[in-house]
Amino acid sequence: MSLAAPPGPGGLREKGRSSSSPASLLVLGRLSFREVLNLPLFLGFLAAAGLTATLPSASLGGRGPTLFALAAQAVGAGLAAGLAGPWVEGGLFRSPWLLAQVPSRTRMVLAGGVGQALSLLVLLLPALLLPLPAWQARAGPFHQGIPLVEQTFRPGPEGFLSSSGAQALLRFSPRRPARALVLRAEPVLGSAKDYRPATLLLSLEGGPWRSLGEVGIEPRVFRFPLEPARPLEEVRLRRKSGPGLFVYFPPGGIQALGPSVPAGLVWVLCWIAAWNLAFLAAMALSWAGTRLSRPVALFAGGGWALLALADPLFRPGLPLAPYEGISPGWDLCGGRGWLPLAGGLLFLLLLAWKPGRAWTRREAGR
Amino acid sequence: MEASLLLEGRGLRRAFPSRRARKAVRALRGADLQVRAGEVVALLGPNGSGKTTLLHCLLGIVEPEEGEALLFGAPPGRGDGLRRTGFLPEEDPPWGKLKGREILEFTALLHGMDRAAARRRAGELLGELGLSGAGERKFRGYSKGMARRLGLASALVHDPDLLVLDEPTAGLDPLGSALVLEKLLALKERGKGILLASHVFREVEALADRVVVLSRGLVAAQGPAAQVLADPEVWELRVRGLDPAGRERLEGLAARLGEVLRSGPALRGLDEVLRRYSLEDQAP
């Protein structure tokens with residue numbers, strides 16, 4: 001008897017297909033997609049995303065777009081799950097039965113991996129989309145913020161140059177080089193008697209006074225470039241003596257901009273800012289409990305949860321910061337908020353490291 | 001002319017780490033096995049003798065630590081050996097929410113059939129194995145017997161030349177067993193090679209050309225089915241340190257054992273009897 005394969009049913013061998021044909025790999029990919037994207041898990045993610053969207057930190061770019069993005073995500077994920085077909089249990093992919101079906105393990109692993117990666121992407125889309133409004137709100141060049149350490153207005157009150165010849169002394173952190181000074185000046189119209197524009201003067205590091213420009217009845221943003229970039233420690237502002245409007249600098253209206261920040265990094269920072277880390281930690285725990293072994297789940301999710309709990313200590317005033325430049329996100333990353341970020345990265349690393357377990361022969365059983 | 005060798009294992013060894021014992025459990029300790037075209041080989045042995053591990057090593061599901069497994073002349077992961085083999089595992093795959101028909105179609109698609117052929121083949125097999133009415137039911141609602149029959153159907157979807165079956169009739173009622181045996185006999189007549197692990201003597205007597213008895217990871221005996229099943233040496237019970245009371249109990253046990261064997265029992269039952277009357281434990 002020959003070892004050559006005789007014809008079989010369904011034109012299998014006549015067509016010379018191997019069992020790792022594109023069709024079979026597609027089936028495997030779809031099933032592995034559905035294995036991850038089950039309804040309870042997806043609903044859990046969506047609920048967490050929805051709750052997070054109601055938090056102050058999610059209002060960076062408006063709640064409407066955020067909720068719209070989540071709704072679109074829900075519809076998209078539902079359609080994707082429907083197209084993928086019936087849900088299968090994860091154990092199927094570890095079962096000896098499946099391992100005995102497909103000759104090409106490498107392709108099977110790839111197909112399964114692609115399916116799982118796609119389902120992860122679908123599940124994580126809410127997380128990816130959530131910072132979109134905030135990111136769009138910051139369209140334009142992104143810069144690292146330089147902390148304003150001290151500001152003194154004379155005669156005051158704070159933020160006001162409210163008399164002829166009033167002055168402000170501003171001190172910035174000298175640790176980062178400044179590329180520009182941005183000042184948002186508003187006229188004080190309520191008690192004005194004289195509506196003539198006021199002239200603002202600027203002095204850097206005790207140097208000579210130079211004219212910055214005039215402030216009329218419309219608010220005005222002055223951008224004063226610094227070429228080359230240099231540490232900026234002392235800045236003085238003065239309202240030129242004489243008649244005219246008084247000037248007010250609202251909170252966050254005085255900024256020194258540091259080196260530019262890549263847009264991708266800003267996305268990440270907005271992502272961190274838009275999501276409440278405690279929710280992320282809760283989601284991480286449920287996710288880890290589902291996908292990973294218990295010790296790893298406790299280590300990763302629990303560790304992140306602890307860091308998330310400690311997070312408010314490390315990023316005071318985050319919800320107030322959206323219109324104050326890039327500083328909150330940046331502070332979170334480069335300043336004192338590195339702990340939650342490190343926790344999150346650790347968890348992602350663990351996620352990336354562990355998913356292969358479902359595909360190892362070692363765990364296929366005896 | 002000698003029939004071609006479909007499946008061969010040479011000196012297969014495999015151990016598994018044990019959480020309870022400090023030492024690894026040596027499931028296979030150098031087992032050899034061959035299955036030729038048109039031959040039915042039965043693998044017998046009590047629980048824990050290494051039958052399932054041997055089947056898994058032969059199919060490449062578990063890597064042997066030593067030895068070699070050849071499926072249609074090549075290691076299981078290479079060539080088209082797995083494509084020409086149907087496998088029914090001991091435990092039902094966790095098909096869960098998939099319907100019976102979907103499972104068979106899914107299996108067929110994995111083996112490269114087109115959709116129409118897969119649908120047709122699934123319908124045929126559901127009918128042949130008495131599952132026509134259950135094709136649209138979810139697998140989780142299947143009884144044990146229905147699940148075994150569906151498992152067998154999935155092993156047959158691609159009309160394999162070799163069938164590897166791990167306890168194909170476990171949990172089946174007499175009617176279900178008869179249906180499966182009938183199907184396997186028909187396959188045997190068609191010249192398919194079959195390797196089945198079983199505890200059921202009657203099934204082995206009815207089907208097997210050769211019997212391989214596995215004990216503690218080693219082949220304890222093998223040969224033509226009638227010869228091995230009738231050989232008292234194969235079923236010898238060794239007992240040490242027996243006191244008079246123990247001897248009396250042993251004689252009673254032997255008489256009972258004879259009855260059990262004569263009435264066509266399950267080896268699993270025998271294994272339980274031996275465990276209950278663990279005479280070696282009474283050694284002084």
# chains A, B, ... in the order shown; residues from 1 in each chain; ligands from 1
$ select_by_dssp --residues "region 53-195 of chain B" --states "strand (DSSP E)" --output "PDB file with C-alpha atoms, in the first residue's frame"
ATOM      1  CA  GLU B  66      13.321  10.804  23.998  1.00  0.00           C
ATOM      2  CA  GLY B  67      12.367   8.578  21.125  1.00  0.00           C
ATOM      3  CA  GLU B  68      10.733   9.299  17.834  1.00  0.00           C
ATOM      4  CA  ALA B  69       7.193   9.419  16.519  1.00  0.00           C
ATOM      5  CA  LEU B  70       6.513   9.031  12.820  1.00  0.00           C
ATOM      6  CA  LEU B  71       3.154   9.720  11.243  1.00  0.00           C
ATOM      7  CA  THR B  85      -5.297  11.475  10.631  1.00  0.00           C
ATOM      8  CA  GLY B  86      -8.506  11.808  12.609  1.00  0.00           C
ATOM      9  CA  PHE B  87      -8.208  12.237  16.352  1.00  0.00           C
ATOM     10  CA  LEU B  88     -10.756  11.802  19.093  1.00  0.00           C
ATOM     11  CA  LEU B 162      -5.713   6.738  10.209  1.00  0.00           C
ATOM     12  CA  LEU B 163      -7.951   7.154  13.226  1.00  0.00           C
ATOM     13  CA  VAL B 164      -6.561   7.704  16.697  1.00  0.00           C
ATOM     14  CA  LEU B 165      -9.323   7.301  19.247  1.00  0.00           C
ATOM     15  CA  ASP B 166      -8.965   7.761  22.979  1.00  0.00           C
ATOM     16  CA  GLY B 193      -5.840   2.114  10.231  1.00  0.00           C
ATOM     17  CA  ILE B 194      -7.250   2.555  13.734  1.00  0.00           C
ATOM     18  CA  LEU B 195      -5.464   2.994  17.023  1.00  0.00           C
TER      19      LEU B 195
END
$ residues_around --residues "Leu120 (chain A)" --least-positions-apart "3" --cutoff "8 Å" --atoms "only C-alpha atoms" --output "list in words"
Val36, Leu37, Gln116, Ala117, Leu123 and Leu124 of chain A
$ write_last_selection --atoms "N, CA and C atoms" --output "PDB file, in the first residue's frame"
ATOM      1  N   VAL A  36     -11.833  36.178  22.472  1.00  0.00           N
ATOM      2  CA  VAL A  36     -11.533  37.297  23.366  1.00  0.00           C
ATOM      3  C   VAL A  36     -12.731  38.222  23.488  1.00  0.00           C
ATOM      4  N   LEU A  37     -13.347  38.485  22.341  1.00  0.00           N
ATOM      5  CA  LEU A  37     -14.404  39.487  22.335  1.00  0.00           C
ATOM      6  C   LEU A  37     -15.729  38.860  22.748  1.00  0.00           C
ATOM      7  N   GLN A 116      -6.535  37.534  18.054  1.00  0.00           N
ATOM      8  CA  GLN A 116      -6.547  38.060  19.419  1.00  0.00           C
ATOM      9  C   GLN A 116      -6.133  39.533  19.436  1.00  0.00           C
ATOM     10  N   ALA A 117      -5.150  39.866  18.606  1.00  0.00           N
ATOM     11  CA  ALA A 117      -4.698  41.259  18.573  1.00  0.00           C
ATOM     12  C   ALA A 117      -5.826  42.172  18.095  1.00  0.00           C
ATOM     13  N   LEU A 123     -11.453  46.016  21.736  1.00  0.00           N
ATOM     14  CA  LEU A 123     -11.787  46.264  23.137  1.00  0.00           C
ATOM     15  C   LEU A 123     -11.111  47.529  23.659  1.00  0.00           C
ATOM     16  N   LEU A 124      -9.933  47.799  23.130  1.00  0.00           N
ATOM     17  CA  LEU A 124      -9.201  48.948  23.655  1.00  0.00           C
ATOM     18  C   LEU A 124      -9.502  50.230  22.891  1.00  0.00           C
TER      19      LEU A 124
END
$ closest_atom_pairs --of "chain B" --to "chain A" --cutoff "8 Å" --atoms "only C-alpha atoms" --output "JSON lines"
{"residue": "B:Glu2", "atom": "CA", "partner": "A:Met1", "partner_atom": "CA", "distance": 7.9}
{"residue": "B:Ala3", "atom": "CA", "partner": "A:Met1", "partner_atom": "CA", "distance": 5.6}
{"residue": "B:Ser4", "atom": "CA", "partner": "A:Met1", "partner_atom": "CA", "distance": 5.5}
{"residue": "B:Leu6", "atom": "CA", "partner": "A:Leu3", "partner_atom": "CA", "distance": 7.8}
{"residue": "B:Ala37", "atom": "CA", "partner": "A:Met1", "partner_atom": "CA", "distance": 7.6}
{"residue": "B:Thr52", "atom": "CA", "partner": "A:Arg366", "partner_atom": "CA", "distance": 6.5}
{"residue": "B:Thr53", "atom": "CA", "partner": "A:Arg366", "partner_atom": "CA", "distance": 5.1}
{"residue": "B:His56", "atom": "CA", "partner": "A:Arg366", "partner_atom": "CA", "distance": 6.8}
{"residue": "B:Leu59", "atom": "CA", "partner": "A:Ala100", "partner_atom": "CA", "distance": 6.5}
{"residue": "B:Gly60", "atom": "CA", "partner": "A:Ala100", "partner_atom": "CA", "distance": 7.5}
{"residue": "B:Ile61", "atom": "CA", "partner": "A:Leu99", "partner_atom": "CA", "distance": 6.0}
{"residue": "B:Val62", "atom": "CA", "partner": "A:Arg361", "partner_atom": "CA", "distance": 6.3}
{"residue": "B:Glu63", "atom": "CA", "partner": "A:Arg361", "partner_atom": "CA", "distance": 7.9}
{"residue": "B:Phe72", "atom": "CA", "partner": "A:Leu3", "partner_atom": "CA", "distance": 6.6}
{"residue": "B:Pro76", "atom": "CA", "partner": "A:Pro103", "partner_atom": "CA", "distance": 7.7}
{"residue": "B:Gly77", "atom": "CA", "partner": "A:Pro103", "partner_atom": "CA", "distance": 5.4}
{"residue": "B:Arg78", "atom": "CA", "partner": "A:Pro103", "partner_atom": "CA", "distance": 6.8}
{"residue": "B:Gly79", "atom": "CA", "partner": "A:Pro103", "partner_atom": "CA", "distance": 7.9}
{"residue": "B:Asp80", "atom": "CA", "partner": "A:Pro103", "partner_atom": "CA", "distance": 7.2}
{"residue": "B:Gly81", "atom": "CA", "partner": "A:Pro103", "partner_atom": "CA", "distance": 7.9}
{"residue": "B:Leu82", "atom": "CA", "partner": "A:Pro103", "partner_atom": "CA", "distance": 5.9}
{"residue": "B:Arg83", "atom": "CA", "partner": "A:Ser19", "partner_atom": "CA", "distance": 6.6}
{"residue": "B:Arg84", "atom": "CA", "partner": "A:Ala5", "partner_atom": "CA", "distance": 7.3}
{"residue": "B:Gly86", "atom": "CA", "partner": "A:Gln101", "partner_atom": "CA", "distance": 8.0}
{"residue": "B:Phe87", "atom": "CA", "partner": "A:Ala100", "partner_atom": "CA", "distance": 6.8}
{"residue": "B:Leu88", "atom": "CA", "partner": "A:Trp97", "partner_atom": "CA", "distance": 7.0}
{"residue": "B:Pro89", "atom": "CA", "partner": "A:Trp97", "partner_atom": "CA", "distance": 6.1}
{"residue": "B:Pro93", "atom": "CA", "partner": "A:Ser95", "partner_atom": "CA", "distance": 6.1}
{"residue": "B:Pro94", "atom": "CA", "partner": "A:Leu92", "partner_atom": "CA", "distance": 5.3}
{"residue": "B:Trp95", "atom": "CA", "partner": "A:Val88", "partner_atom": "CA", "distance": 6.3}
{"residue": "B:Gly96", "atom": "CA", "partner": "A:Glu89", "partner_atom": "CA", "distance": 6.2}
{"residue": "B:Lys97", "atom": "CA", "partner": "A:Val88", "partner_atom": "CA", "distance": 6.3}
{"residue": "B:Leu98", "atom": "CA", "partner": "A:Pro86", "partner_atom": "CA", "distance": 6.5}
{"residue": "B:Phe106", "atom": "CA", "partner": "A:Val27", "partner_atom": "CA", "distance": 7.4}
{"residue": "B:Thr107", "atom": "CA", "partner": "A:Gln101", "partner_atom": "CA", "distance": 7.8}
{"residue": "B:Leu109", "atom": "CA", "partner": "A:Ser24", "partner_atom": "CA", "distance": 5.4}
{"residue": "B:Leu110", "atom": "CA", "partner": "A:Ser24", "partner_atom": "CA", "distance": 4.3}
{"residue": "B:His111", "atom": "CA", "partner": "A:Ser19", "partner_atom": "CA", "distance": 4.3}
{"residue": "B:Gly112", "atom": "CA", "partner": "A:Ser19", "partner_atom": "CA", "distance": 4.8}
{"residue": "B:Met113", "atom": "CA", "partner": "A:Leu12", "partner_atom": "CA", "distance": 5.2}
{"residue": "B:Asp114", "atom": "CA", "partner": "A:Gly10", "partner_atom": "CA", "distance": 6.9}
{"residue": "B:Ala117", "atom": "CA", "partner": "A:Gly10", "partner_atom": "CA", "distance": 4.6}
{"residue": "B:Ala118", "atom": "CA", "partner": "A:Gly10", "partner_atom": "CA", "distance": 6.8}
{"residue": "B:Arg121", "atom": "CA", "partner": "A:Gly10", "partner_atom": "CA", "distance": 7.4}
{"residue": "B:His158", "atom": "CA", "partner": "A:Pro9", "partner_atom": "CA", "distance": 6.2}
{"residue": "B:Asp159", "atom": "CA", "partner": "A:Gly8", "partner_atom": "CA", "distance": 5.8}
{"residue": "B:Pro160", "atom": "CA", "partner": "A:Gly8", "partner_atom": "CA", "distance": 7.8}
$ write_last_selection --atoms "C-alpha atoms" --output "mmCIF file, in the first residue's frame"
data_model
loop_
_atom_site.group_PDB
_atom_site.id
_atom_site.type_symbol
_atom_site.label_atom_id
_atom_site.label_comp_id
_atom_site.auth_asym_id
_atom_site.auth_seq_id
_atom_site.Cartn_x
_atom_site.Cartn_y
_atom_site.Cartn_z
ATOM 1 C CA GLU B 2 3.229 -6.006 3.940
ATOM 2 C CA ALA B 3 0.831 -3.138 4.581
ATOM 3 C CA SER B 4 2.450 0.270 4.888
ATOM 4 C CA LEU B 6 0.946 4.563 9.126
ATOM 5 C CA ALA B 37 -2.802 0.332 7.067
ATOM 6 C CA THR B 52 -3.172 9.099 26.515
ATOM 7 C CA THR B 53 0.387 10.413 26.741
ATOM 8 C CA HIS B 56 -0.389 12.579 22.280
ATOM 9 C CA LEU B 59 0.411 12.900 17.181
ATOM 10 C CA GLY B 60 2.936 15.555 18.177
ATOM 11 C CA ILE B 61 0.599 17.168 20.690
ATOM 12 C CA VAL B 62 3.161 16.474 23.380
ATOM 13 C CA GLU B 63 6.859 16.428 22.586
ATOM 14 C CA PHE B 72 2.985 8.504 7.656
ATOM 15 C CA PRO B 76 3.838 14.628 13.124
ATOM 16 C CA GLY B 77 4.347 18.360 12.540
ATOM 17 C CA ARG B 78 5.808 17.812 9.086
ATOM 18 C CA GLY B 79 4.368 16.390 5.924
ATOM 19 C CA ASP B 80 0.673 15.731 5.597
ATOM 20 C CA GLY B 81 0.414 13.178 8.413
ATOM 21 C CA LEU B 82 -1.989 15.146 10.563
ATOM 22 C CA ARG B 83 -4.133 15.952 7.564
ATOM 23 C CA ARG B 84 -4.562 12.222 6.998
ATOM 24 C CA GLY B 86 -8.506 11.808 12.609
ATOM 25 C CA PHE B 87 -8.208 12.237 16.352
ATOM 26 C CA LEU B 88 -10.756 11.802 19.093
ATOM 27 C CA PRO B 89 -9.293 13.005 22.403
ATOM 28 C CA PRO B 93 -12.933 19.711 23.282
ATOM 29 C CA PRO B 94 -14.479 22.810 24.873
ATOM 30 C CA TRP B 95 -16.684 23.582 21.918
ATOM 31 C CA GLY B 96 -19.130 25.282 24.255
ATOM 32 C CA LYS B 97 -21.593 27.417 22.388
ATOM 33 C CA LEU B 98 -20.859 26.063 18.937
ATOM 34 C CA PHE B 106 -15.411 24.275 11.380
ATOM 35 C CA THR B 107 -13.349 21.076 11.441
ATOM 36 C CA LEU B 109 -12.815 24.168 7.000
ATOM 37 C CA LEU B 110 -9.695 23.636 9.098
ATOM 38 C CA HIS B 111 -8.900 20.722 6.851
ATOM 39 C CA GLY B 112 -9.195 22.846 3.766
ATOM 40 C CA MET B 113 -12.634 21.920 2.453
ATOM 41 C CA ASP B 114 -14.704 24.571 0.795
ATOM 42 C CA ALA B 117 -18.436 20.594 0.857
ATOM 43 C CA ALA B 118 -18.053 21.207 4.570
ATOM 44 C CA ARG B 121 -20.072 16.448 4.873
ATOM 45 C CA HIS B 158 -11.877 14.684 6.299
ATOM 46 C CA ASP B 159 -12.077 10.929 5.679
ATOM 47 C CA PRO B 160 -8.693 10.199 7.256
#
$ atom_distance --atom1 "CA of Gly258 (chain A)" --atom2 "CA of Val221 (chain A)"
17.5 Å
$ closest_residue --among "A:Leu125, A:Phe153, A:Ala229, A:Arg176" --to "Ala71 (chain A)" --atoms "only C-alpha atoms"
A:Leu125
$ atom_distance --atom1 "CA of Leu118 (chain A)" --atom2 "CA of Glu102 (chain B)"
22.8 Å
$ atom_distance --atom1 "CA of Ala226 (chain B)" --atom2 "CA of Ala197 (chain B)"
16.7 Å
$ decode --residues "region 214-229 of chain B" --atoms "N, CA, C and O atoms" --output "PDB file, in the first residue's frame"
ATOM      1  N   LEU B 214      -0.266  -1.572  27.988  1.00  0.00           N
ATOM      2  CA  LEU B 214       0.664  -0.589  28.545  1.00  0.00           C
ATOM      3  C   LEU B 214       0.572  -0.636  30.068  1.00  0.00           C
ATOM      4  O   LEU B 214      -0.527  -0.652  30.636  1.00  0.00           O
ATOM      5  N   SER B 215       1.719  -0.677  30.704  1.00  0.00           N
ATOM      6  CA  SER B 215       1.725  -0.665  32.167  1.00  0.00           C
ATOM      7  C   SER B 215       2.848   0.239  32.641  1.00  0.00           C
ATOM      8  O   SER B 215       4.007   0.057  32.275  1.00  0.00           O
ATOM      9  N   ARG B 216       2.519   1.217  33.416  1.00  0.00           N
ATOM     10  CA  ARG B 216       3.486   2.176  33.960  1.00  0.00           C
ATOM     11  C   ARG B 216       4.421   2.724  32.894  1.00  0.00           C
ATOM     12  O   ARG B 216       5.638   2.773  33.066  1.00  0.00           O
ATOM     13  N   GLY B 217       3.877   3.068  31.778  1.00  0.00           N
ATOM     14  CA  GLY B 217       4.653   3.732  30.732  1.00  0.00           C
ATOM     15  C   GLY B 217       5.450   2.810  29.844  1.00  0.00           C
ATOM     16  O   GLY B 217       6.212   3.280  28.997  1.00  0.00           O
ATOM     17  N   LEU B 218       5.300   1.509  30.034  1.00  0.00           N
ATOM     18  CA  LEU B 218       6.028   0.550  29.205  1.00  0.00           C
ATOM     19  C   LEU B 218       5.048  -0.415  28.545  1.00  0.00           C
ATOM     20  O   LEU B 218       3.971  -0.672  29.094  1.00  0.00           O
ATOM     21  N   VAL B 219       5.442  -0.932  27.394  1.00  0.00           N
ATOM     22  CA  VAL B 219       4.611  -1.948  26.751  1.00  0.00           C
ATOM     23  C   VAL B 219       4.836  -3.263  27.489  1.00  0.00           C
ATOM     24  O   VAL B 219       5.932  -3.836  27.445  1.00  0.00           O
ATOM     25  N   ALA B 220       3.811  -3.732  28.182  1.00  0.00           N
ATOM     26  CA  ALA B 220       3.944  -4.950  28.973  1.00  0.00           C
ATOM     27  C   ALA B 220       3.712  -6.186  28.112  1.00  0.00           C
ATOM     28  O   ALA B 220       4.279  -7.239  28.373  1.00  0.00           O
ATOM     29  N   ALA B 221       2.861  -6.076  27.131  1.00  0.00           N
ATOM     30  CA  ALA B 221       2.596  -7.211  26.247  1.00  0.00           C
ATOM     31  C   ALA B 221       1.987  -6.694  24.965  1.00  0.00           C
ATOM     32  O   ALA B 221       1.363  -5.629  24.955  1.00  0.00           O
ATOM     33  N   GLN B 222       2.197  -7.420  23.897  1.00  0.00           N
ATOM     34  CA  GLN B 222       1.504  -7.073  22.655  1.00  0.00           C
ATOM     35  C   GLN B 222       1.445  -8.277  21.751  1.00  0.00           C
ATOM     36  O   GLN B 222       2.254  -9.198  21.860  1.00  0.00           O
ATOM     37  N   GLY B 223       0.478  -8.302  20.884  1.00  0.00           N
ATOM     38  CA  GLY B 223       0.308  -9.424  19.980  1.00  0.00           C
ATOM     39  C   GLY B 223      -1.115  -9.447  19.465  1.00  0.00           C
ATOM     40  O   GLY B 223      -1.888  -8.517  19.698  1.00  0.00           O
ATOM     41  N   PRO B 224      -1.463 -10.532  18.771  1.00  0.00           N
ATOM     42  CA  PRO B 224      -2.834 -10.650  18.266  1.00  0.00           C
ATOM     43  C   PRO B 224      -3.837 -10.557  19.417  1.00  0.00           C
ATOM     44  O   PRO B 224      -3.567 -11.075  20.512  1.00  0.00           O
ATOM     45  N   ALA B 225      -4.953  -9.955  19.155  1.00  0.00           N
ATOM     46  CA  ALA B 225      -5.902  -9.653  20.225  1.00  0.00           C
ATOM     47  C   ALA B 225      -6.323 -10.907  20.984  1.00  0.00           C
ATOM     48  O   ALA B 225      -6.280 -10.934  22.222  1.00  0.00           O
ATOM     49  N   ALA B 226      -6.708 -11.934  20.244  1.00  0.00           N
ATOM     50  CA  ALA B 226      -7.207 -13.137  20.905  1.00  0.00           C
ATOM     51  C   ALA B 226      -6.146 -13.720  21.831  1.00  0.00           C
ATOM     52  O   ALA B 226      -6.430 -14.156  22.949  1.00  0.00           O
ATOM     53  N   GLN B 227      -4.903 -13.690  21.354  1.00  0.00           N
ATOM     54  CA  GLN B 227      -3.803 -14.288  22.121  1.00  0.00           C
ATOM     55  C   GLN B 227      -3.529 -13.497  23.397  1.00  0.00           C
ATOM     56  O   GLN B 227      -3.407 -14.053  24.483  1.00  0.00           O
ATOM     57  N   VAL B 228      -3.442 -12.186  23.268  1.00  0.00           N
ATOM     58  CA  VAL B 228      -3.096 -11.358  24.429  1.00  0.00           C
ATOM     59  C   VAL B 228      -4.225 -11.371  25.459  1.00  0.00           C
ATOM     60  O   VAL B 228      -3.983 -11.493  26.663  1.00  0.00           O
ATOM     61  N   LEU B 229      -5.448 -11.290  24.977  1.00  0.00           N
ATOM     62  CA  LEU B 229      -6.570 -11.224  25.917  1.00  0.00           C
ATOM     63  C   LEU B 229      -6.752 -12.535  26.674  1.00  0.00           C
ATOM     64  O   LEU B 229      -7.276 -12.550  27.779  1.00  0.00           O
TER      65      LEU B 229
END
